[in-house]
Amino acid sequence: NEAVSKNFIEQIIDQDIKEGHCKKVVTRFPPEPNGYLHIGHAKSILLNYGLAKEYNGQFNMRFDDTNPTKEKEEFVDSIKRDVEWLGAKWHGDVLFASGYFDQMYEAAVRLIKKGKAYVCDLTPEQIREYRGTLTEPGKESPYRNRSVEENLELFENMKNGVYKDGEKVLRAKIDMASPNINMRDPIIYRVAHISHHRTGDKWCIYPMYDFAHPIEDAIEGVSHSICTLEFEDHRPLYDWVVRELEYENPPRQIEFAKLYLNNVVTGKRYIKKLVEDKIVDGWDDPRLVSIAALRRRGFTPEAIKMFVDLVGVTKSQGAVEYPMLEYCIREDLKLKAKRMMAVLNPVKLVIDNYPEGQVEYMEVPNNQENPELGTRKVPFTKELYIEREDFMEEPPKKYFRMFPGNEVRLMNAYFVTCTGCEKDENGNVTVIHATYDEETRGGNFTGRKVKGTIHWVSATEGSPVEVRLYENIVDEEKGVYNEEDGSINVNPHSLTVLKNCYVEPELLKAQPEDKFQFVRNGYFTADSKDSEAGKPVFNRIVSLKSSFKM
Ligand code: ATP
Ligand code: MG
Ligand code: MG
């Protein structure tokens, strides 16, 4: 039943359409360009874009740049890139709240003329004091009953730079006794002599968020202004602004719960510290969950979409587990990624009865579950590399891989029987020896059974590459935050760099962001920062084993 499976926002929209309040669904994503987007923002982007698409409406991309102290053009560019990458297509040009500064000023003047706003000379401390508390009503400002004429003149002076920062503010005249503190004559304009990244020095007064946001939405004809729960008790002010300014078809604010991941850091100030302390390699370090970091780690837009769909849209706060995100990327890549052979921790295997110098090409399906991905040729030679873990001189029970006397299948190639090994003076295995059976060629030999199948790479035709393995940047045993100083408890083993992994020749062609399964080892992507032509560096996106169950 479709009606039942719709989320609560869709139900509200359906109702608004039915009752004739909404002719066209218009949504927007309104980030402040003061940092990089993270996985939580992806939820907001895909939700707003998805609704516009579902209702044949319009999705606006708007920068909420009304606070020039923290905003930068650098972030505008990174945010645009991330939204595009996620597949959310915005209507027309990118919009900026600062593009409406003239209209916001006009709107403030209109409120003054209606007797609904006044210039207040109280200091910031006094304003806080007069505001009251949850249990005590506020106290009216002595400037509250200034005449319209005086307010108009003082507000114009504010605009013309007559006053210093903090000397005067414009306040909405609402209700100092309201049980909702946001309604106790909130500040709507402040003096701030700061350059803006787009309007330069044109303005020395800037609108406050709660005043600016509803105006931005109204100007753009936004029908449903979707935001996160912390704005729920700002909604009466939002409604007051659009009502007093008498907009036709006023927008409607709807709140939903933020996306939180357990044991994952999304807070800007914590990530900034990790970057500054050089614990991570920038904002896009693959251990972080900024969109840029997830992209570099190898996540796909499809996997992120699947993830936010699984999490769903609700009003109740809750955190989800990172393994759920991992589940989504495995699902997405299962049939899309070629399954290749790469040896992460190599030890040499010599097939003693195989001809010296011979190179034999094995035709191998790229993905057994998806024949559309075709086949490739993998060179087989006398000297190979296999995983060190796939050999034991004295195996425990139920170990079915290589040990002296045992026969195993070399994936896609021959059955080989281990004949022994060589060791260095410290007892470390340096070379393993085996013989092969020519009859067993091709990986599908069924003449007799073996219990172990292992992967391999030709030592002479394959190439060494760098591979990076990751764990959570957070030390999960200690918890995210250090109780003493509030910093992050960093997991000292979050990055493992393997400099000498061996990959089959085909993998040297990998382009940045190409994704593969390395059989038995997980899904990997070619790093977009550190790969060079013919010399890829691989990041492990996720291992193959899952702790998450649907
Ligand atoms: P942060 O401080 O983490 O950057 P923010 O709320 O300051 O978050 P904005 O740039 O103001 O970020 O937000 C842009 C939009 O993204 C807002 O509509 C906001 O509600 C939404 N958003 C931010 N964080 C989350 C989250 N964790 N889950 C869902 N939506 C979010
Ligand atoms: Mg932000
Ligand atoms: Mg913010």
# chains A, B, ... in the order shown; residues from 1 in each chain; ligands from 1
$ residues_near_ligand --ligand "ligand 2" --cutoff "8 Å" --atoms "only C-alpha atoms and all ligand atoms" --output "list in words"
Pro31, Glu32, Pro33, Asn34, Gly35, Tyr36 and Leu37 of chain A
$ residues_around --residues "Gln358 (chain A)" --least-positions-apart "4" --cutoff "12 Å" --atoms "only C-alpha atoms" --output "count of residues only"
11
$ residues_around --residues "region 93-106 of chain A" --least-positions-apart "6" --cutoff "8 Å" --atoms "only C-alpha atoms" --output "CSV table (one decimal) with N, CA and C atoms, in the first residue's frame"
chain,number,residue,atom,x,y,z
A,60,ASN,N,15.8,23.7,-5.6
A,60,ASN,CA,16.8,24.9,-5.7
A,60,ASN,C,18.0,24.6,-4.8
A,61,MET,N,19.1,25.1,-5.4
A,61,MET,CA,20.4,25.0,-4.6
A,61,MET,C,20.7,26.4,-4.2
A,62,ARG,N,20.6,26.6,-2.9
A,62,ARG,CA,20.8,28.0,-2.4
A,62,ARG,C,21.8,28.1,-1.2
A,63,PHE,N,22.8,28.9,-1.4
A,63,PHE,CA,23.7,29.1,-0.3
A,63,PHE,C,23.2,30.1,0.7
A,64,ASP,N,23.1,29.7,2.0
A,64,ASP,CA,22.6,30.6,3.0
A,64,ASP,C,23.8,31.4,3.6
A,65,ASP,N,24.2,32.4,2.8
A,65,ASP,CA,25.4,33.1,3.2
A,65,ASP,C,25.1,34.5,3.8
A,66,THR,N,24.4,34.4,5.0
A,66,THR,CA,24.1,35.7,5.6
A,66,THR,C,25.0,36.0,6.8
A,198,ARG,N,30.5,37.8,-1.3
A,198,ARG,CA,29.9,38.1,-2.6
A,198,ARG,C,29.5,39.6,-2.7
A,199,THR,N,29.1,40.2,-1.6
A,199,THR,CA,28.6,41.6,-1.7
A,199,THR,C,29.7,42.6,-1.3
A,207,PRO,N,21.2,40.4,8.0
A,207,PRO,CA,20.0,39.8,8.7
A,207,PRO,C,20.3,38.6,9.5
A,212,ALA,N,16.0,35.9,7.8
A,212,ALA,CA,16.4,35.8,6.4
A,212,ALA,C,15.8,34.5,5.8
A,215,ILE,N,12.3,34.5,4.4
A,215,ILE,CA,12.2,35.4,3.2
A,215,ILE,C,12.8,34.8,2.0
A,216,GLU,N,14.0,34.1,2.2
A,216,GLU,CA,14.6,33.4,1.0
A,216,GLU,C,13.6,32.4,0.4
$ residues_near_ligand --ligand "ligand 1" --cutoff "9 Å" --atoms "only C-alpha atoms and all ligand atoms" --output "PyMOL selection string"
chain A and resi 28-45+63-64+225-231+255-261+266-269
$ write_last_selection --atoms "N, CA and C atoms" --output "compact mmCIF listing (two decimals), in the first residue's frame"
# COMPACT_ATOMS: atom_id res chain seq x y z
N ARG A 28 14.39 23.04 -1.44
CA ARG A 28 15.74 23.62 -1.60
C ARG A 28 16.70 22.95 -0.64
N PHE A 29 17.99 23.02 -1.00
CA PHE A 29 19.04 22.64 -0.05
C PHE A 29 19.79 23.93 0.27
N PRO A 30 19.78 24.35 1.55
CA PRO A 30 20.32 25.67 1.90
C PRO A 30 21.56 25.63 2.80
N PRO A 31 22.68 25.08 2.35
CA PRO A 31 23.84 25.03 3.25
C PRO A 31 24.46 26.40 3.46
N GLU A 32 25.08 26.54 4.62
CA GLU A 32 25.90 27.71 4.84
C GLU A 32 27.29 27.35 4.31
N PRO A 33 27.88 28.18 3.45
CA PRO A 33 29.19 27.78 2.89
C PRO A 33 30.32 28.01 3.90
N ASN A 34 30.27 27.27 5.00
CA ASN A 34 31.28 27.44 6.06
C ASN A 34 32.01 26.15 6.36
N GLY A 35 31.93 25.17 5.46
CA GLY A 35 32.64 23.93 5.68
C GLY A 35 32.28 22.94 4.60
N TYR A 36 32.81 21.73 4.73
CA TYR A 36 32.52 20.69 3.75
C TYR A 36 31.25 19.94 4.15
N LEU A 37 30.56 19.43 3.18
CA LEU A 37 29.35 18.64 3.47
C LEU A 37 29.74 17.25 3.96
N HIS A 38 28.88 16.69 4.82
CA HIS A 38 29.12 15.34 5.30
C HIS A 38 27.91 14.45 5.03
N ILE A 39 28.00 13.21 5.47
CA ILE A 39 26.96 12.22 5.19
C ILE A 39 25.58 12.68 5.66
N GLY A 40 25.53 13.45 6.73
CA GLY A 40 24.25 13.98 7.20
C GLY A 40 23.61 14.91 6.18
N HIS A 41 24.44 15.77 5.57
CA HIS A 41 23.92 16.67 4.55
C HIS A 41 23.39 15.88 3.35
N ALA A 42 24.03 14.74 3.07
CA ALA A 42 23.58 13.93 1.93
C ALA A 42 22.12 13.54 2.11
N LYS A 43 21.75 13.28 3.36
CA LYS A 43 20.36 12.92 3.63
C LYS A 43 19.43 14.07 3.26
N SER A 44 19.81 15.27 3.67
CA SER A 44 19.00 16.45 3.39
C SER A 44 18.93 16.72 1.88
N ILE A 45 20.07 16.60 1.19
CA ILE A 45 20.12 16.84 -0.25
C ILE A 45 19.22 15.85 -0.99
N PHE A 63 22.76 28.94 -1.36
CA PHE A 63 23.72 29.13 -0.28
C PHE A 63 23.17 30.13 0.72
N ASP A 64 23.13 29.71 1.96
CA ASP A 64 22.62 30.58 3.01
C ASP A 64 23.79 31.37 3.57
N SER A 225 9.71 23.91 3.22
CA SER A 225 11.04 24.26 3.66
C SER A 225 11.46 23.24 4.71
N ILE A 226 12.25 22.28 4.26
CA ILE A 226 12.54 21.14 5.13
C ILE A 226 13.85 21.38 5.87
N CYS A 227 13.80 21.25 7.18
CA CYS A 227 14.99 21.49 7.99
C CYS A 227 15.05 20.46 9.10
N THR A 228 16.06 20.54 9.92
CA THR A 228 16.24 19.54 10.97
C THR A 228 15.59 19.99 12.28
N LEU A 229 15.42 19.02 13.18
CA LEU A 229 14.57 19.20 14.36
C LEU A 229 14.90 20.39 15.26
N GLU A 230 16.18 20.79 15.27
CA GLU A 230 16.53 21.88 16.19
C GLU A 230 15.81 23.18 15.83
N PHE A 231 15.20 23.22 14.64
CA PHE A 231 14.46 24.43 14.25
C PHE A 231 12.97 24.36 14.55
N GLU A 255 10.10 19.84 9.90
CA GLU A 255 11.35 19.38 10.51
C GLU A 255 11.46 17.86 10.49
N PHE A 256 12.67 17.37 10.31
CA PHE A 256 12.92 15.91 10.42
C PHE A 256 14.19 15.70 11.25
N ALA A 257 14.40 14.45 11.64
CA ALA A 257 15.54 14.13 12.51
C ALA A 257 16.84 14.08 11.72
N LYS A 258 17.89 14.65 12.29
CA LYS A 258 19.21 14.59 11.69
C LYS A 258 19.69 13.16 11.61
N LEU A 259 20.55 12.91 10.68
CA LEU A 259 21.19 11.61 10.58
C LEU A 259 22.44 11.59 11.45
N TYR A 260 22.49 10.65 12.35
CA TYR A 260 23.70 10.46 13.16
C TYR A 260 24.21 9.05 12.99
N LEU A 261 25.52 8.92 12.93
CA LEU A 261 26.15 7.60 12.88
C LEU A 261 26.89 7.38 14.19
N THR A 266 31.31 13.85 12.81
CA THR A 266 30.87 14.73 11.73
C THR A 266 31.08 16.20 12.08
N GLY A 267 31.29 16.50 13.32
CA GLY A 267 31.41 17.90 13.75
C GLY A 267 32.61 18.60 13.11
N LYS A 268 32.31 19.78 12.54
CA LYS A 268 33.35 20.54 11.84
C LYS A 268 34.57 20.82 12.72
N ARG A 269 34.29 21.22 13.98
CA ARG A 269 35.44 21.67 14.76
C ARG A 269 36.36 20.50 15.12
$ atom_distance --atom1 "CA of Lys70 (chain A)" --atom2 "CA of Arg235 (chain A)"
24.7 Å
$ closest_residue --among "A:Asn263, A:Asn157, A:Asn182, A:Asn366" --to "Tyr238 (chain A)" --atoms "only C-alpha atoms"
A:Asn182
$ closest_residue --among "A:Tyr209, A:Tyr327, A:Asp175, A:Lys23" --to "ligand 3" --atoms "only C-alpha atoms and all ligand atoms"
A:Tyr209
$ atom_distance --atom1 "CA of Leu508 (chain A)" --atom2 "CA of Arg330 (chain A)"
22.8 Å
